[in-house]
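First up is the structure itself, then whatever we jot down about it.
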Amino acid sequence: MRKEYEEFILNRLKKNKEGLSFNELYKPLSHQLSKKDLDKGLEALGRRGKVINTGRVYILASKGDRVECTVSRVKKTFGFVKSDSDGAEYFVAGRYLNGALPGDHVTVQLYPGREGKPEGMVIDITEESFSRFTGNIVNEFGELKVVPDTLSKYAMRIEENSFELREGDKVLAEVSHRGTTHAEHKCRIVMSYGSSLKASVCAMSVLGLNGLTPIFPPEVIAEARAVSDYREISRQAPKRLDLRGLPIFTIDSASTKDIDDAISVQRTDSGGYLLGVHIADVSHYVTPGSRLDSEAFSRGTSVYYANRVIPMLPTELSNGICSLNPGEDRLAFSCIMELDKDAEITDYKFAKSVIRSRVKGVYSELNELLEGYNAKALCEKYAEVMDCLPLMKELADKLKGNRIHRGAPQLSTTESELVIDENDYCIDVRPHESGLTQEMIEDFMLCANCCAARFGTENGLPFVYRVHEDPPEDKLEYLKTGLTELKIPFNFDKGVKPKALSEILEWERGTDRFPVVNNLVLRSMAKAKYSAEPLGHFGLVLSDYAHFTSPIRRYPDLAIHRIMTEFLTTGDADEAGRKFGKFSAKAADQASATELIALQTERGCEDCYKAEYLKAHLGDVYDGIIVSCVPHGMYVMLDNTCEGLVSMDSLPYPDYYFDEKFSIKRVGSGEVFTVGKRIKIQVAKVDVSSGNVDFEYLGEAEE
């Protein structure tokens, strides 16, 4: 388009600040330009950041509305950018991404978007990121290309490849050539995993994308073997608190191999309790500056998915010398707590110890014993600790009561258990059931974690705390809107308190509305993270909290073990500050970042396995509950925890709409689909590669 036409368009938009439609711009130019030429010209002006197509009209771009951002997410037809100055996130339509990829630093032009909310247009990529992505191989007219899972709807041309590729393969690729749009990008293949129809293959690609691998560098393995000297236990024993005479034992699932916590419970002379939580002394073997430590810091956490684990530490440590196996002496870090008759902690101490677990307790077996099913084989297995079990239950019941009395919200979360067969296929999905002993161990570990945080604050040590801040203002407004819509009374004038949320949850528990309320409260919460500052824990209603009990699989636990050991040895808080001040802050930041990656990875892998299971059940009919409503449909969870989308397009009539809250409604009708409602669905479409599942609505579930 010639320059004079561009100037004419810009001048017209300058005079019409509310914007002009395409036809309004075209009318005075219809004798000089074709509609195709005008469309191309407007597109070029958009790429140069001169005009913006809001979807309804074209407006003049303003330099005053430009912000520096980082691309946070890119989907098939849209993306999001986050402001570098204040963290605000803006929607970017696909046509305005201009080839930007996650991690890119960009200049973004803001403009009034849908519903008056500001949206963005990328007008300049100031710094390109290193962009890897997963995708599937397709054959387009005889040429193999990659269709990205999320980055773009366009198949990307392959520039470099050293693998034998077939159509349908799942691959990891990286962008090797940048075009001005996503359609013009080219890539090179980094790894080929095999058929995208198999969940285990797709899970491997998710791991690869996130830089996770079960394989450790040879030098790390060599160091793990070198420090796994079992003679060191007998050499250390005389220097430690000897607890081998106590009835200490572990409680885990039957398949657990990395056993890092054990417990002991005794009655005190005053009628209270002496609770011991004994944790594998991983910090004795993983020392600062070692290759093991560097690798553990980089990984940050173990990642668990399906029937596999990507461990933080090599198995020589996690399943070997650091695992509290029954009948074997082990070095431990013990937290010994005195609790009164009401199960309130009155005193505690930490000590380096040597222990010998009496038995590897199994959740399901102990649940049976505590429920009174005293089978002969179980009584024989647990003979050395049977006398402890009633006391443990008594203490656990009181600890749970204290937690509820504090006002800690009892939120309902649904975890899944995947059943994988010998050929690595997911053949069943069911809800994970947490029994009595699981809750009991969680409460005992919570006590030790509280004492660890108190140890850090009371002694003025640099530390890594587990923090959960008050709900942020924007999420609190979302909660208020939801409660108002549901006509649930609340008073948050002086800020929201955990007890208030707890009361709302308990009032609605057992009703049809509980899933809605539970989801509302969950969404209102800040995300828990790690911090070098003791900011408290909102959800647990604790002023100080830390993670002490899993150093085999969480780096922050290992970090505070190291700091606490230093102080117990020297008694010098100032020296600990000089030695670990910067370390604690770095460890907190790294732990928060790696935890987020682990959660996203575990969720992505789980989605693929669930889709694989449902693929074998195409056409099957189930009852499910609506867990969320969105503009394009509603997500439904089956009783086995699998989820799928009932799209708006698949509903019986074309006049349904999302009410921007919790429901999908039909115009001029009383028909409503609300979160919490049970409906009947049929499994209609499954994509194992993406983990996406589509359901077809069949009607209301039978009572």
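Just so we're on the same page: first chain in the structure tokens is A, next is B, and so on; residues restart at 1 for each chain, and ligands are numbered from 1 in the order they show up.
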What residues in segment 461-643 of chain A get the DSSP label strand (DSSP E or B)? Please answer as a PyMOL selection string. chain A and resi 465-468+529-531+537+542+554+621-630+633-638+643
Just want the 10 Å neighbourhood of Tyr697 of chain A, counted on only C-alpha atoms, with same-chain residues fewer than 2 positions away dropped. Output as a list in words. Val621, Val636, Leu645, Val646, Ser647, Met648, Ser650, Leu651, Pro652, Ile679, Lys680, Ile681, Gln682, Val683, Ala684, Asp694, Phe695, Gly699 and Glu700 of chain A
Just-selected residues, C-alpha atoms written as a tab-separated table (two decimals), in the first residue's frame:
chain	number	residue	atom	x	y	z
A	621	VAL	CA	-21.12	-43.59	29.45
A	636	VAL	CA	-16.55	-32.50	34.04
A	645	LEU	CA	-14.54	-30.95	28.30
A	646	VAL	CA	-18.16	-30.74	27.25
A	647	SER	CA	-17.83	-28.01	24.64
A	648	MET	CA	-20.50	-25.37	24.18
A	650	SER	CA	-21.82	-30.00	21.58
A	651	LEU	CA	-24.76	-28.92	23.75
A	652	PRO	CA	-28.27	-29.64	22.40
A	679	ILE	CA	-24.57	-34.97	34.60
A	680	LYS	CA	-24.32	-38.00	32.34
A	681	ILE	CA	-21.63	-37.94	29.62
A	682	GLN	CA	-20.16	-40.14	26.92
A	683	VAL	CA	-16.43	-40.28	26.11
A	684	ALA	CA	-16.37	-38.79	22.61
A	694	ASP	CA	-13.85	-34.40	24.97
A	695	PHE	CA	-17.13	-35.57	26.48
A	699	GLY	CA	-28.47	-35.56	30.17
A	700	GLU	CA	-28.77	-35.18	33.91
Residue contacts of Val516 of chain A (6 Å, only C-alpha atoms) excluding same-chain residues fewer than 2 positions away, as a list in words: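 My reading of the contact set: Arg513, Phe514, Asn518, Asn519, Val675 and Gly676 of chain A.
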Residues at most 6 Å from segment 543-553 of chain A, counting only C-alpha atoms, excluding those fewer than 3 positions away in the same chain, as a VMD selection string? chain A and resid 279 301 to 302 312 318 449 to 450 453 465 to 466 534 536 557 to 558
Deliver the residues from the most recent selection as a file, using N, CA and C atoms, as an mmCIF file, in the first residue's frame.
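To be explicit, this is the file written out as part_22.cif:
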data_model
loop_
_atom_site.group_PDB
_atom_site.id
_atom_site.type_symbol
_atom_site.label_atom_id
_atom_site.label_comp_id
_atom_site.auth_asym_id
_atom_site.auth_seq_id
_atom_site.Cartn_x
_atom_site.Cartn_y
_atom_site.Cartn_z
ATOM 1 N N ILE A 279 14.588 -38.266 60.978
ATOM 2 C CA ILE A 279 14.726 -38.043 59.539
ATOM 3 C C ILE A 279 16.118 -38.477 59.075
ATOM 4 N N THR A 301 13.939 -30.962 43.638
ATOM 5 C CA THR A 301 12.912 -31.852 44.184
ATOM 6 C C THR A 301 12.852 -33.127 43.351
ATOM 7 N N SER A 302 12.367 -34.191 43.946
ATOM 8 C CA SER A 302 12.054 -35.396 43.174
ATOM 9 C C SER A 302 10.714 -35.178 42.478
ATOM 10 N N MET A 312 15.783 -36.725 43.211
ATOM 11 C CA MET A 312 16.690 -35.599 43.425
ATOM 12 C C MET A 312 18.109 -36.102 43.687
ATOM 13 N N SER A 318 19.365 -42.419 48.018
ATOM 14 C CA SER A 318 17.932 -42.350 48.338
ATOM 15 C C SER A 318 17.344 -43.709 48.692
ATOM 16 N N ASN A 449 8.032 -30.034 61.596
ATOM 17 C CA ASN A 449 8.273 -28.879 60.723
ATOM 18 C C ASN A 449 8.077 -27.561 61.475
ATOM 19 N N CYS A 450 7.061 -27.527 62.345
ATOM 20 C CA CYS A 450 6.833 -26.326 63.169
ATOM 21 C C CYS A 450 8.024 -26.069 64.085
ATOM 22 N N ALA A 453 11.000 -24.648 62.199
ATOM 23 C CA ALA A 453 10.852 -23.217 61.924
ATOM 24 C C ALA A 453 11.105 -22.395 63.181
ATOM 25 N N TYR A 465 12.153 -21.086 54.822
ATOM 26 C CA TYR A 465 10.815 -21.293 55.381
ATOM 27 C C TYR A 465 9.834 -21.678 54.281
ATOM 28 N N ARG A 466 8.830 -22.443 54.678
ATOM 29 C CA ARG A 466 7.694 -22.720 53.797
ATOM 30 C C ARG A 466 6.637 -21.685 54.144
ATOM 31 N N PRO A 534 10.517 -15.550 57.490
ATOM 32 C CA PRO A 534 9.387 -16.279 58.106
ATOM 33 C C PRO A 534 8.081 -15.506 57.984
ATOM 34 N N GLY A 536 5.055 -16.791 57.705
ATOM 35 C CA GLY A 536 3.890 -17.497 58.239
ATOM 36 C C GLY A 536 3.198 -18.357 57.195
ATOM 37 N N ASP A 557 14.589 -28.917 52.592
ATOM 38 C CA ASP A 557 14.765 -29.708 53.811
ATOM 39 C C ASP A 557 16.246 -29.988 54.042
ATOM 40 N N LEU A 558 16.937 -30.383 52.988
ATOM 41 C CA LEU A 558 18.379 -30.625 53.069
ATOM 42 C C LEU A 558 19.120 -29.355 53.468
#
According to DSSP computed on the backbone, where in segment 418-618 of chain A is there alpha helix (DSSP H)? Give the residues as a PyMOL selection string. chain A and resi 436-458+473-485+498-508+514-524+555-570+573-615
Tell me, as a PyMOL selection string, which residues lie within 12 Å of Ile355 of chain A, counting only C-alpha atoms; anything in the same chain fewer than 2 positions away does not count. chain A and resi 233-234+236-237+240-250+261-264+276-281+322-334+351-353+357-358
